[in-house]
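Shown next, in structure tokens, is the structure this report addresses.
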Amino acid sequence: MMKYYFTIIIMLLFIGCKKEKPQKQEISHKDYFIPVEGSRIYMKIDSKSTIKELIPRLITNHELHETGKGYWIGYNDLMFSIAVNSDSAINPLLNFIDTTKSNAAKFAALYTIHLIGINCEIQGRTYEEFVDLKARDALFKLLAENDYLRTVAMRLLIRDPRESDIPKLFDILDSTKTDCWQITSGLLRYDLKDKPFAQKVPQELLEKKIKLKNKVDFPEKELFSVIMSEFSKKYSSFVKVEKTLYEYNYQMPIRIGVENNEITLGYMTELCTLTDYCSISPNFQYSYKDGKIKFFSARTTKNIWLDWWKNQRVSYKDSLRHSYKKMEFRKF
């Protein structure tokens, strides 16, 4: 009798210690690779480890490959090894983002979710197909809940802008207390009619300029308060600047060099319209109407966008909500 019980105990221990089997890959391509300048890097997929084993490795293996081009993302072998598991990896990745203390690993997990979204296929220089809706929903979740990852999450989303994004983005704007400047800047990527910002400005106004007293090649954030002040003083008849911008925490994801220490009004408006396939504009915006250029803080920009959205027809909002068509605004 004792021998019988002993056998059962051994069997239970064996079952409890049995290694979890990797699940079958949901994404399957002949080759996995990323393009880099002049070549490509082929990925080595770890098909033996489970998702539960792979994801924590992002803490130490989170570096992106250098692609040599700003429009290509250098996903690594581990990201691909996780991403080939498709939707089944998304919730574990979101849980990992919530629990890990490593900021670098959070970003690595975010890039992995995006890799799932594009079905592990890099399709072109400025074109991609974000086909996995669950991965897209994960980006929206991070946009709504994670201030720290919001800039990169928005940049990844607008690489393939879709009509159904619009109502969701406005839902986030309406429900969050922060200014969500990444979203208000990212909205310029969408082909929206009668946008309240970034209208075309006459060339003669764009050429108006100021000259900085101190030499600078790439303006730091604190200099933009001076720039705004100088423009509003010199061209007060047609340049209006929200007072908040005189002492403001400027967020500059991208900077454009300044030549001869001179800054044109066109330089400032161009900064506001940098949002494109792989870039996002800073946290201030402009509008042009009745011969006047007005510059706004992110908080005011958010409120103006929300008012614009409230004034849109219900039928228009519903048509966007149920459409997955591309909605890319092309500058040229």
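Convention: chains lettered A, B, ... in structure tokens order; per-chain residue numbering from 1; ligands numbered from 1 as shown.
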
Could you please write out, as an NGL selection string, every residue of segment 69-272 of chain A that DSSP assigns to helix (DSSP H, G or I)?
:A and (77-83 or 86-99 or 103-117 or 133-145 or 150-157 or 165-175 or 181-189 or 203-206 or 223-234 or 243-246 or 265-272)

Where does DSSP see strand (DSSP E) in segment 263-299 of chain A, if you list the residues as a ChimeraX atom specification?
/A:263-264,284-289,292-297

Residues near Lys240 of chain A, cut-off 12 Å, only C-alpha atoms, skip fewer than 5 positions along chain, as a PyMOL selection string:
chain A and resi 228-235+245-246+265+285-289+291-296

Would you pick out the contacts of segment 150-158 of chain A at 7 Å or less, using only C-alpha atoms, so that residues sharing its chain but fewer than 2 positions from it are not included, and give the list as an NGL selection string?
:A and (114 or 139 or 142-143 or 146-148 or 160-161 or 182-183 or 186 or 189 or 277-280)

For those residues, write all heavy atoms to a file as a CSV table (one decimal), in the first residue's frame.
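To be explicit, this is the file written out as selection.csv:
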chain,number,residue,atom,x,y,z
A,114,HIS,N,4.6,46.4,-31.1
A,114,HIS,CA,4.5,47.0,-32.5
A,114,HIS,C,4.9,46.0,-33.5
A,114,HIS,O,4.3,45.9,-34.6
A,114,HIS,CB,5.3,48.2,-32.6
A,114,HIS,CG,5.3,48.8,-33.9
A,114,HIS,ND1,6.4,48.7,-34.8
A,114,HIS,CD2,4.4,49.5,-34.6
A,114,HIS,CE1,6.1,49.3,-35.9
A,114,HIS,NE2,4.9,49.8,-35.9
A,139,LEU,N,-1.6,49.4,-27.9
A,139,LEU,CA,-1.0,50.7,-28.1
A,139,LEU,C,-1.9,51.8,-27.5
A,139,LEU,O,-1.5,52.7,-26.8
A,139,LEU,CB,-0.6,51.0,-29.5
A,139,LEU,CG,0.6,50.3,-30.2
A,139,LEU,CD1,0.9,50.9,-31.5
A,139,LEU,CD2,1.8,50.3,-29.3
A,142,LEU,N,-1.8,51.8,-23.7
A,142,LEU,CA,-0.6,52.4,-23.2
A,142,LEU,C,-0.7,53.9,-23.4
A,142,LEU,O,-0.2,54.7,-22.6
A,142,LEU,CB,0.7,51.9,-23.9
A,142,LEU,CG,1.0,50.4,-23.6
A,142,LEU,CD1,2.1,49.9,-24.5
A,142,LEU,CD2,1.4,50.2,-22.1
A,143,LEU,N,-1.2,54.4,-24.5
A,143,LEU,CA,-1.4,55.8,-24.7
A,143,LEU,C,-2.3,56.4,-23.6
A,143,LEU,O,-2.1,57.5,-23.2
A,143,LEU,CB,-2.1,56.0,-26.1
A,143,LEU,CG,-1.2,56.1,-27.3
A,143,LEU,CD1,-2.1,56.1,-28.6
A,143,LEU,CD2,-0.3,57.3,-27.3
A,146,ASN,N,-0.2,55.2,-19.8
A,146,ASN,CA,1.3,55.3,-19.5
A,146,ASN,C,1.9,56.6,-20.1
A,146,ASN,O,2.3,56.6,-21.2
A,146,ASN,CB,2.0,54.0,-20.1
A,146,ASN,CG,3.3,53.8,-19.5
A,146,ASN,OD1,4.2,54.7,-19.5
A,146,ASN,ND2,3.6,52.6,-19.0
A,147,ASP,N,2.0,57.6,-19.2
A,147,ASP,CA,2.6,58.8,-19.6
A,147,ASP,C,4.1,58.6,-20.1
A,147,ASP,O,4.5,59.3,-21.1
A,147,ASP,CB,2.6,59.8,-18.5
A,147,ASP,CG,1.3,60.3,-18.1
A,147,ASP,OD1,0.3,60.1,-18.9
A,147,ASP,OD2,1.1,60.9,-17.0
A,148,TYR,N,4.8,57.8,-19.5
A,148,TYR,CA,6.2,57.6,-19.8
A,148,TYR,C,6.4,57.0,-21.2
A,148,TYR,O,7.4,57.4,-21.9
A,148,TYR,CB,6.8,56.6,-18.8
A,148,TYR,CG,8.3,56.5,-18.9
A,148,TYR,CD1,9.2,57.5,-18.6
A,148,TYR,CD2,8.9,55.3,-19.4
A,148,TYR,CE1,10.5,57.4,-18.7
A,148,TYR,CE2,10.3,55.2,-19.5
A,148,TYR,CZ,11.1,56.2,-19.2
A,148,TYR,OH,12.4,56.1,-19.3
A,160,ASP,N,1.2,54.0,-39.4
A,160,ASP,CA,0.1,53.5,-40.2
A,160,ASP,C,-1.2,54.1,-39.7
A,160,ASP,O,-1.9,53.3,-39.1
A,160,ASP,CB,0.1,52.0,-40.2
A,160,ASP,CG,-0.9,51.4,-41.2
A,160,ASP,OD1,-1.3,52.2,-42.1
A,160,ASP,OD2,-1.2,50.2,-41.1
A,161,PRO,N,-1.5,55.3,-40.0
A,161,PRO,CA,-2.7,56.0,-39.4
A,161,PRO,C,-4.0,55.4,-40.0
A,161,PRO,O,-4.1,55.2,-41.3
A,161,PRO,CB,-2.5,57.4,-39.8
A,161,PRO,CG,-1.6,57.4,-41.0
A,161,PRO,CD,-0.7,56.2,-40.8
A,182,GLN,N,1.5,64.5,-27.0
A,182,GLN,CA,1.9,63.5,-28.0
A,182,GLN,C,0.7,63.2,-29.0
A,182,GLN,O,0.9,63.0,-30.2
A,182,GLN,CB,2.4,62.3,-27.4
A,182,GLN,CG,3.6,62.5,-26.5
A,182,GLN,CD,3.2,62.7,-25.0
A,182,GLN,OE1,2.1,63.1,-24.7
A,182,GLN,NE2,4.1,62.4,-24.1
A,183,ILE,N,-0.5,63.2,-28.4
A,183,ILE,CA,-1.7,62.9,-29.2
A,183,ILE,C,-2.1,64.1,-30.0
A,183,ILE,O,-2.4,64.0,-31.2
A,183,ILE,CB,-2.8,62.4,-28.3
A,183,ILE,CG1,-2.5,61.1,-27.6
A,183,ILE,CG2,-4.1,62.3,-29.1
A,183,ILE,CD1,-3.5,60.5,-26.7
A,186,GLY,N,0.3,64.3,-32.7
A,186,GLY,CA,0.1,63.2,-33.6
A,186,GLY,C,-1.1,63.2,-34.5
A,186,GLY,O,-1.1,62.7,-35.6
A,189,ARG,N,-1.0,63.9,-38.3
A,189,ARG,CA,-0.7,62.8,-39.2
A,189,ARG,C,-1.9,62.3,-40.0
A,189,ARG,O,-1.8,61.7,-41.0
A,189,ARG,CB,0.0,61.7,-38.4
A,189,ARG,CG,0.3,60.4,-39.2
A,189,ARG,CD,1.5,60.5,-40.0
A,189,ARG,NE,1.9,59.2,-40.5
A,189,ARG,CZ,2.3,59.0,-41.7
A,189,ARG,NH1,2.4,60.0,-42.6
A,189,ARG,NH2,2.6,57.7,-42.1
A,277,TYR,N,5.8,60.1,-40.8
A,277,TYR,CA,5.9,58.6,-40.6
A,277,TYR,C,6.7,58.2,-39.4
A,277,TYR,O,6.4,57.3,-38.7
A,277,TYR,CB,6.5,58.0,-41.9
A,277,TYR,CG,6.7,56.5,-41.9
A,277,TYR,CD1,5.6,55.7,-42.0
A,277,TYR,CD2,8.0,56.0,-41.7
A,277,TYR,CE1,5.8,54.3,-42.0
A,277,TYR,CE2,8.1,54.6,-41.6
A,277,TYR,CZ,7.1,53.8,-41.8
A,277,TYR,OH,7.2,52.4,-41.8
A,278,CYS,N,7.8,58.9,-39.1
A,278,CYS,CA,8.7,58.5,-38.0
A,278,CYS,C,9.0,59.6,-37.1
A,278,CYS,O,10.0,59.5,-36.3
A,278,CYS,CB,10.0,57.9,-38.6
A,278,CYS,SG,10.9,58.9,-39.7
A,279,SER,N,8.2,60.7,-37.1
A,279,SER,CA,8.5,61.9,-36.3
A,279,SER,C,7.2,62.4,-35.6
A,279,SER,O,6.1,62.1,-36.1
A,279,SER,CB,9.2,63.0,-37.1
A,279,SER,OG,10.3,62.5,-37.7
A,280,ILE,N,7.4,63.1,-34.5
A,280,ILE,CA,6.3,63.8,-33.9
A,280,ILE,C,6.7,65.2,-33.5
A,280,ILE,O,7.8,65.4,-33.1
A,280,ILE,CB,5.8,63.0,-32.7
A,280,ILE,CG1,4.4,63.4,-32.3
A,280,ILE,CG2,6.8,63.0,-31.5
A,280,ILE,CD1,3.7,62.4,-31.3

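Restricting the calculation to only C-alpha atoms, the smallest distance between Phe238 of chain A and any of A:Asp171, A:Asp290, A:Glu262, A:Glu222 is found for A:Asp290.
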
I'd like the contact shell of Leu192 of chain A - 10 Å cut-off, only C-alpha atoms, skipping same-chain residues fewer than 6 positions apart - returned as a PyMOL selection string.
chain A and resi 163+166+327-329

Which residues are near segment 122-135 of chain A? Cut-off 6 Å, only C-alpha atoms, ignore same chain within fewer than 4 positions. Put them as number ranges by chain.
A: 113, 117-118

Output C-alpha atoms of each residue in that selection to a file, as a PDB file, in the first residue's frame.
ATOM      1  CA  ILE A 113       4.030  44.795 -29.398  1.00  0.00           C
ATOM      2  CA  GLY A 117       1.178  44.551 -35.015  1.00  0.00           C
ATOM      3  CA  ILE A 118       3.057  44.554 -38.313  1.00  0.00           C
TER       4      ILE A 118
END
